[in-house]
file my_file.txt (compact mmCIF, C-alpha atoms)
# COMPACT_ATOMS: atom_id res chain seq x y z
CA SER A 1 88.23 113.44 92.21
CA VAL A 2 91.80 113.22 90.93
CA THR A 3 94.86 112.53 93.12
CA PRO A 4 98.48 112.55 91.86
CA LEU A 5 101.25 110.11 92.58
CA SER A 6 103.19 111.04 95.69
CA ASN A 7 105.87 109.75 98.00
CA ASN A 8 103.37 109.68 100.90
CA ALA A 9 99.82 109.05 99.69
CA THR A 10 98.88 105.49 100.77
CA ILE A 11 97.27 103.85 97.70
CA CYS A 12 98.64 106.63 95.45
CA SER A 13 102.22 106.30 96.72
CA TYR A 14 105.36 105.94 94.61
CA PRO A 15 107.77 104.22 94.43
CA ARG A 16 106.54 101.82 97.11
CA PHE A 17 102.80 101.26 96.88
CA ASN A 18 100.63 101.91 99.94
CA ALA A 19 103.56 103.22 101.98
CA ASN A 20 105.28 106.39 103.18
CA ASN A 21 108.42 106.57 101.04
CA THR A 22 111.03 108.34 103.11
CA MET A 23 114.07 107.18 101.11
CA PRO A 24 115.46 109.97 98.91
CA LEU A 25 115.63 109.07 95.23
CA GLU A 26 118.40 109.77 92.73
CA ILE A 27 116.13 112.20 90.87
CA ASP A 28 114.94 115.66 91.94
CA ARG A 29 111.20 116.01 92.57
CA PRO A 30 110.47 118.41 89.68
CA ASP A 31 112.34 116.07 87.32
CA LEU A 32 110.33 113.12 88.62
CA ASP A 33 107.10 115.01 87.94
CA ARG A 34 108.26 115.78 84.39
CA MET A 35 109.27 112.14 83.92
CA ALA A 36 105.83 110.96 85.08
CA ALA A 37 104.22 113.33 82.58
CA GLN A 38 106.24 111.75 79.80
CA ALA A 39 106.23 108.07 80.82
CA ASN A 40 102.53 107.96 81.78
CA ARG A 41 101.12 110.73 79.62
CA GLY A 42 97.33 110.79 79.84
CA ARG A 43 97.17 107.64 81.98
CA ALA A 44 94.95 107.29 85.04
CA VAL A 45 93.45 104.42 87.04
CA PRO A 46 90.25 104.39 89.13
CA VAL A 47 90.78 104.39 92.89
CA PRO A 48 88.23 103.83 95.67
CA THR A 49 89.27 107.11 97.30
CA GLY A 50 91.48 110.06 96.66
CA VAL A 51 94.04 111.30 99.19
CA GLY A 52 93.37 114.64 100.80
CA PHE A 53 96.86 116.13 100.79
CA CYS A 54 96.38 117.06 97.11
CA MET A 55 93.00 116.15 95.66
CA TYR A 56 91.13 117.80 92.81
CA MET A 57 87.32 117.71 93.13
CA THR A 58 85.11 118.56 90.17
CA ALA A 59 82.43 121.23 90.52
CA GLN A 60 79.88 118.83 89.03
CA ALA A 61 80.56 116.24 91.73
CA LEU A 62 80.56 118.86 94.49
CA ASP A 63 77.19 120.15 93.33
CA ALA A 64 75.76 116.61 93.26
CA VAL A 65 77.38 115.18 96.40
CA GLY A 66 77.84 118.24 98.57
CA PRO A 67 80.92 119.48 100.41
CA LEU A 68 83.16 117.71 102.92
CA ASP A 69 81.33 116.63 106.06
CA ALA A 70 82.77 119.00 108.67
CA GLU A 71 80.23 117.95 111.29
CA ALA A 72 81.20 114.27 111.26
CA PHE A 73 84.97 114.72 110.79
CA GLY A 74 85.87 117.97 112.51
CA LYS A 75 89.20 119.41 111.40
CA GLY A 76 90.20 116.43 109.24
CA TYR A 77 91.18 112.74 108.89
CA GLY A 78 88.74 110.75 106.82
CA GLU A 79 86.64 113.51 105.34
CA GLU A 80 88.06 113.08 101.81
CA ASN A 81 87.51 109.31 101.97
CA ASP A 82 83.91 109.87 102.96
CA TRP A 83 83.41 112.37 100.14
CA CYS A 84 84.97 110.05 97.55
CA LEU A 85 82.76 107.14 98.59
CA ARG A 86 79.70 109.36 98.49
CA ALA A 87 80.75 110.45 94.99
CA THR A 88 81.31 106.84 93.91
CA LYS A 89 77.88 105.81 95.17
CA ALA A 90 76.41 108.75 93.24
CA GLY A 91 77.93 107.44 90.00
CA PHE A 92 81.17 109.44 89.85
CA VAL A 93 84.72 108.09 89.57
CA ASN A 94 87.86 108.86 91.58
CA LEU A 95 91.13 108.71 89.64
CA LEU A 96 94.84 108.40 90.31
CA ALA A 97 96.68 110.60 87.79
CA GLU A 98 99.76 108.53 86.94
CA ASP A 99 101.31 111.38 84.95
CA VAL A 100 101.63 113.80 87.89
CA PHE A 101 103.91 113.57 90.93
CA VAL A 102 103.49 115.87 93.96
CA HIS A 103 105.71 115.62 97.02
CA HIS A 104 103.92 115.30 100.39
CA ALA A 105 105.85 116.21 103.52
CA GLY A 106 103.18 114.82 105.88
CA GLN A 107 101.98 115.84 109.35
CA ILE A 108 102.27 119.53 108.51
CA SER A 109 98.61 120.59 108.54
CA PHE A 110 97.59 118.82 111.74
CA GLY A 111 100.90 118.18 113.51
CA LEU A 112 101.47 114.89 115.32
CA ASP A 113 97.79 114.22 116.13
CA GLU A 114 98.30 114.10 119.88
CA GLY A 115 94.55 114.36 120.41
CA GLY A 116 93.76 111.16 118.53
CA GLU A 117 91.74 112.85 115.81
CA TYR A 118 92.88 110.24 113.28
CA ASP A 119 91.23 107.41 115.21
CA GLN A 120 88.11 109.49 115.67
CA GLY A 121 88.00 110.19 111.97
CA GLN A 122 88.37 106.51 111.08
CA ALA A 123 85.54 105.62 113.45
CA ALA A 124 83.31 108.23 111.80
CA LEU A 125 84.27 106.93 108.35
CA LEU A 126 83.42 103.32 109.21
CA ALA A 127 80.13 104.39 110.75
CA LYS A 128 79.11 106.01 107.46
CA HIS A 129 80.72 103.44 105.12
CA PRO A 130 81.09 99.96 106.64
CA ASP A 131 82.22 98.69 103.23
CA TYR A 132 85.26 101.02 103.15
CA PRO A 133 87.86 98.45 104.38
CA ALA A 134 86.65 95.87 101.84
CA ARG A 135 86.86 98.38 98.99
CA ILE A 136 90.40 99.37 99.96
CA GLY A 137 91.45 95.75 100.49
CA GLN A 138 90.20 94.72 97.05
CA PHE A 139 92.01 97.64 95.43
CA VAL A 140 95.28 96.85 97.22
CA GLN A 141 95.01 93.21 96.21
CA ALA A 142 94.38 94.06 92.54
CA ASP A 143 96.86 96.99 92.47
CA PRO A 144 95.86 98.35 89.06
CA GLY A 145 98.49 101.09 89.31
CA ARG A 146 101.47 98.72 89.24
CA ARG A 147 102.04 99.13 85.49
CA GLY A 148 102.21 102.92 85.81
CA ARG A 149 104.70 102.67 88.66
CA ALA A 150 106.73 100.17 86.61
CA ARG A 151 106.88 102.58 83.67
CA LEU A 152 108.21 105.24 86.00
CA ASP A 153 110.80 102.84 87.47
CA ARG A 154 111.96 101.87 83.99
CA ALA A 155 112.15 105.52 82.97
CA ARG A 156 114.34 106.28 85.99
CA LEU A 157 116.55 103.27 85.24
CA ALA A 158 116.92 104.31 81.61
CA ARG A 159 117.64 107.94 82.54
CA HIS A 160 120.32 106.95 85.03
CA PHE A 161 122.20 104.61 82.65
CA SER A 162 121.35 106.27 79.35
CA GLY A 163 124.03 105.68 76.71
CA ARG A 164 126.49 103.96 79.04
CA ALA A 165 125.07 100.48 79.76
CA LEU A 166 125.15 97.07 78.12
CA LEU A 167 121.85 95.22 77.87
CA PHE A 168 121.85 91.42 78.27
CA VAL A 169 118.90 89.20 77.31
CA THR A 170 118.83 85.74 78.87
CA HIS A 171 116.78 83.08 80.65
CA ALA A 172 116.65 82.57 84.41
CA TRP A 173 117.56 78.89 84.49
CA GLY A 174 121.15 79.22 85.69
CA GLY A 175 123.72 76.82 84.26
CA GLY A 176 126.52 77.59 81.83
CA ILE A 177 124.86 80.65 80.31
CA GLN A 178 124.50 82.26 83.72
CA ARG A 179 128.11 81.47 84.55
CA HIS A 180 129.21 83.08 81.28
CA ILE A 181 127.04 86.16 81.95
CA ASP A 182 128.35 86.50 85.51
CA ASP A 183 131.90 86.50 84.15
CA MET A 184 131.00 89.14 81.57
CA ILE A 185 129.28 91.30 84.20
CA ALA A 186 132.37 91.10 86.41
CA GLN A 187 134.52 92.19 83.49
CA ALA A 188 132.14 95.04 82.66
CA ARG A 189 132.17 96.25 86.24
CA ALA A 190 135.96 96.20 86.29
CA GLU A 191 135.84 98.46 83.24
CA GLY A 192 133.29 100.79 84.86
CA THR A 193 130.38 99.65 82.67
CA SER A 194 126.89 98.84 83.96
CA VAL A 195 124.79 95.93 82.74
CA VAL A 196 121.00 95.87 82.54
CA LEU A 197 119.37 92.45 82.34
CA LEU A 198 116.20 91.41 80.54
CA GLN A 199 115.64 88.03 82.17
CA ILE A 200 112.97 85.60 81.06
CA ASP A 201 110.73 84.22 83.77
CA ARG A 202 111.06 80.59 84.83
CA THR A 203 107.37 79.78 84.44
CA ARG A 204 107.18 80.11 80.63
CA ASN A 205 104.74 82.98 80.72
CA LEU A 206 105.28 86.16 78.77
CA GLU A 207 107.46 87.87 81.35
CA VAL A 208 110.73 89.68 80.96
CA HIS A 209 112.26 90.84 84.22
CA VAL A 210 114.33 94.01 84.18
CA SER A 211 117.16 94.37 86.64
CA TYR A 212 120.61 95.90 86.69
CA ARG A 213 124.11 95.18 87.90
CA SER A 214 126.01 98.29 88.93
CA PRO A 215 127.94 99.70 91.90
CA GLU A 216 125.28 102.43 92.03
CA PHE A 217 122.02 101.74 93.88
CA LEU A 218 118.64 102.76 92.53
CA TYR A 219 115.47 102.08 94.51
CA LEU A 220 113.26 100.46 91.85
CA PRO A 221 110.66 98.25 93.58
CA ASN A 222 108.25 98.12 90.63
CA LEU A 223 110.35 96.90 87.71
CA GLY A 224 108.38 93.69 87.75
CA SER A 225 107.54 92.14 84.43
CA LEU A 226 106.87 93.08 80.86
CA TYR A 227 104.28 90.80 79.23
CA LEU A 228 105.03 90.35 75.56
CA PRO A 229 103.68 91.02 73.02
CA ARG A 230 101.23 93.20 75.00
CA ASP A 231 103.96 95.45 76.41
CA ALA A 232 106.11 95.61 73.26
CA ASP A 233 105.61 99.38 73.02
CA ASP A 234 106.68 99.84 76.65
CA LEU A 235 109.78 97.75 76.00
CA ALA A 236 110.58 99.74 72.86
CA GLY A 237 110.25 102.99 74.80
CA PHE A 238 112.53 101.67 77.52
CA LEU A 239 115.21 100.66 75.01
CA ALA A 240 114.96 104.01 73.25
CA ALA A 241 115.49 105.87 76.52
CA LEU A 242 118.24 103.51 77.72
CA ALA A 243 120.14 103.81 74.40
CA PRO A 244 122.36 100.81 75.26
CA ARG A 245 125.86 100.66 73.83
CA LEU A 246 125.14 97.07 72.84
CA ILE A 247 122.27 94.60 73.25
CA HIS A 248 123.77 91.15 73.86
CA VAL A 249 121.29 88.28 73.45
CA HIS A 250 122.23 84.99 75.11
CA SER A 251 119.00 83.02 75.14
CA LEU A 252 115.26 83.33 74.58
CA ALA A 253 114.59 79.93 76.15
CA GLY A 254 111.38 79.91 78.16
CA LEU A 255 109.54 82.54 76.15
CA ARG A 256 106.46 81.54 74.23
CA TRP A 257 106.85 82.02 70.50
CA SER A 258 104.69 85.14 70.26
CA ALA A 259 106.77 86.74 73.01
CA ALA A 260 110.07 85.67 71.47
CA GLY A 261 109.05 87.11 68.12
CA ALA A 262 107.95 90.38 69.72
CA LEU A 263 111.23 90.63 71.62
CA MET A 264 113.29 90.06 68.46
CA ASP A 265 111.23 92.67 66.60
CA VAL A 266 111.79 95.27 69.33
CA VAL A 267 115.54 94.58 69.57
CA ALA A 268 116.04 94.60 65.81
CA GLY A 269 114.03 97.80 65.43
CA CYS A 270 115.42 99.87 68.31
CA GLY A 271 118.46 101.15 66.42
CA ALA A 272 121.08 99.85 68.88
CA PRO A 273 123.69 97.35 67.72
CA TYR A 274 123.00 93.82 68.94
CA ALA A 275 124.92 90.57 69.19
CA TRP A 276 123.99 86.96 69.89
CA THR A 277 126.20 84.39 71.59
CA LEU A 278 125.09 80.97 70.37
CA HIS A 279 125.12 78.87 73.54
CA ASP A 280 122.92 76.16 71.99
CA TYR A 281 120.95 75.27 68.86
CA SER A 282 117.71 77.06 69.76
CA PRO A 283 117.46 78.97 66.45
CA VAL A 284 117.09 75.67 64.57
CA CYS A 285 115.81 73.24 67.22
CA HIS A 286 112.88 73.64 69.61
CA ARG A 287 114.66 71.22 71.99
CA ASN A 288 117.84 73.35 71.82
CA HIS A 289 120.25 70.39 71.47
CA LEU A 290 119.41 68.47 68.24
CA VAL A 291 118.42 65.39 70.26
CA GLN A 292 115.01 63.86 69.53
CA PRO A 293 112.53 62.84 72.28
CA ASP A 294 113.68 59.22 72.02
CA GLY A 295 117.29 60.23 72.66
CA ARG A 296 118.60 60.00 69.08
CA TYR A 297 120.95 62.72 67.83
CA CYS A 298 119.52 64.06 64.57
CA GLY A 299 122.35 66.31 63.37
CA LEU A 300 121.02 69.33 61.57
CA ALA A 301 117.88 67.65 60.24
CA PRO A 302 115.78 69.01 57.36
CA VAL A 303 112.59 70.88 58.24
CA ALA A 304 110.33 67.92 57.39
CA GLU A 305 112.12 65.72 59.96
CA CYS A 306 111.93 68.54 62.50
CA ARG A 307 108.16 68.72 62.00
CA ALA A 308 107.87 65.01 62.76
CA CYS A 309 110.03 65.47 65.87
CA LEU A 310 107.87 68.37 67.02
CA ALA A 311 104.69 66.36 66.49
CA ALA A 312 106.10 63.54 68.66
CA ASP A 313 107.25 65.85 71.45
CA ALA A 314 104.69 66.16 74.24
CA ASP A 315 106.41 69.34 75.45
CA GLY A 316 106.38 71.00 72.04
CA PHE A 317 102.74 72.12 71.93
CA GLU A 318 103.62 75.83 72.16
CA GLU A 319 106.47 75.75 69.66
CA PRO A 320 106.19 77.22 66.15
CA ASP A 321 106.50 75.38 62.86
CA PRO A 322 110.21 74.55 62.38
CA GLY A 323 110.28 76.39 59.06
CA ALA A 324 108.87 79.54 60.67
CA ARG A 325 111.35 79.17 63.52
CA ARG A 326 114.35 79.06 61.19
CA ALA A 327 113.06 81.95 59.09
CA THR A 328 112.40 84.21 62.10
CA PHE A 329 115.69 83.44 63.82
CA GLY A 330 117.52 83.65 60.51
CA ALA A 331 116.29 87.17 59.86
CA PHE A 332 117.18 88.26 63.40
CA LEU A 333 120.65 86.71 63.32
CA ALA A 334 121.31 88.27 59.92
CA GLY A 335 121.12 91.69 61.56
CA ALA A 336 123.36 90.83 64.52

call {"tool": "encode", "arguments": {"input": "my_file.txt", "output": "structure tokens"}}
result
Amino acid sequence: SVTPLSNNATICSYPRFNANNTMPLEIDRPDLDRMAAQANRGRAVPVPTGVGFCMYMTAQALDAVGPLDAEAFGKGYGEENDWCLRATKAGFVNLLAEDVFVHHAGQISFGLDEGGEYDQGQAALLAKHPDYPARIGQFVQADPGRRGRARLDRARLARHFSGRALLFVTHAWGGGIQRHIDDMIAQARAEGTSVVLLQIDRTRNLEVHVSYRSPEFLYLPNLGSLYLPRDADDLAGFLAALAPRLIHVHSLAGLRWSAAGALMDVVAGCGAPYAWTLHDYSPVCHRNHLVQPDGRYCGLAPVAECRACLAADADGFEEPDPGARRATFGAFLAGA
């Protein structure tokens, strides 16, 4: 079977997963469907069951598994779940099509279920498939569709602010950089300009959080994280769609070197102008402040001395060779 994304389709729901999304979005439904087709073209994830409001069933699976069980389920509620589990146990796969969005009004076919048919259907489902709750629980816990929903959130964000936003890149550690950025965001708002933030996660993994500062509200519960360099193409697509007026880099502190290099490559290659405010000495010092582990100020030391410092630094095990650091940052800064 194949089920599309929908506002009201439990484990196939968007934007909020496993929920009935009643909040109207800033985008019309046909436009959202077209956006899904572009952002998630050809992408699908396996699901334990399809959702009966709009579910495609292949002729091959119907021939092998048989039709819906009208005897056990009556007029509805649970019959598609039963069929999907029967198909799964027969070796077939149920898919969520992440590149299709279909609106679901809900409670139209059967009304308000005053006769309790839903509960009866669930009882029949559990009688036939006692493992159904465990299968659903494992899927919800793993949530393999989160990346597809995040792509759609980013596409909506980029569409809404396309060509009229500033993009800031920074860490999430607070301090003077955050104070400076807050002041710049306030100034941008006063001028009617929105700011989108790529914010590096505190835990030194390969995450870049995407958020925005604007008087306008967009419901974007899936922005989550981009893991670099794995998601470099997704980031490049987001920047291309956003078309920022300027990318303003403040800090890459906290990113592992492979992620920092990937981020610089994407920014330098996206075609937008970019700037860097030098808040510290990170382009030439893995400790950011030209102070060695024993507390001595080294000035701008030669690369050989930096290598000795790095070797003595217990926290420097993920840092690149100082010569490679200066070369990579030097090339990036040369284009700023």

call {"tool": "residues_around", "arguments": {"input": "my_file.txt", "residues": "Asn81 (chain A)", "least_positions_apart": "5", "cutoff": "9 Å", "atoms": "all atoms listed in the file", "output": "list in words"}}
result
Pro48, Thr49, Gly50, Val51, Gly52, Arg86, Leu125 and Tyr132 of chain A

call {"tool": "residues_around", "arguments": {"input": "my_file.txt", "residues": "Tyr56 (chain A)", "least_positions_apart": "2", "cutoff": "9 Å", "atoms": "all atoms listed in the file", "output": "PDB file with C-alpha atoms, keeping the file's coordinate frame"}}
result
ATOM      1  CA  SER A   1      88.230 113.440  92.210  1.00  0.00           C
ATOM      2  CA  VAL A   2      91.800 113.220  90.930  1.00  0.00           C
ATOM      3  CA  THR A   3      94.860 112.530  93.120  1.00  0.00           C
ATOM      4  CA  GLY A  50      91.480 110.060  96.660  1.00  0.00           C
ATOM      5  CA  GLY A  52      93.370 114.640 100.800  1.00  0.00           C
ATOM      6  CA  CYS A  54      96.380 117.060  97.110  1.00  0.00           C
ATOM      7  CA  THR A  58      85.110 118.560  90.170  1.00  0.00           C
TER       8      THR A  58
END

call {"tool": "closest_residue", "arguments": {"input": "my_file.txt", "among": "A:Phe217, A:Phe139, A:Trp276, A:Trp173", "to": "Asp201 (chain A)", "atoms": "all atoms listed in the file"}}
result
A:Trp173

call {"tool": "atom_distance", "arguments": {"input": "my_file.txt", "atom1": "CA of Arg151 (chain A)", "atom2": "CA of Gly261 (chain A)"}}
result
22.0 Å

call {"tool": "atom_distance", "arguments": {"input": "my_file.txt", "atom1": "CA of Pro46 (chain A)", "atom2": "CA of Asn20 (chain A)"}}
result
20.7 Å

call {"tool": "atom_distance", "arguments": {"input": "my_file.txt", "atom1": "CA of Arg159 (chain A)", "atom2": "CA of Pro244 (chain A)"}}
result
11.2 Å
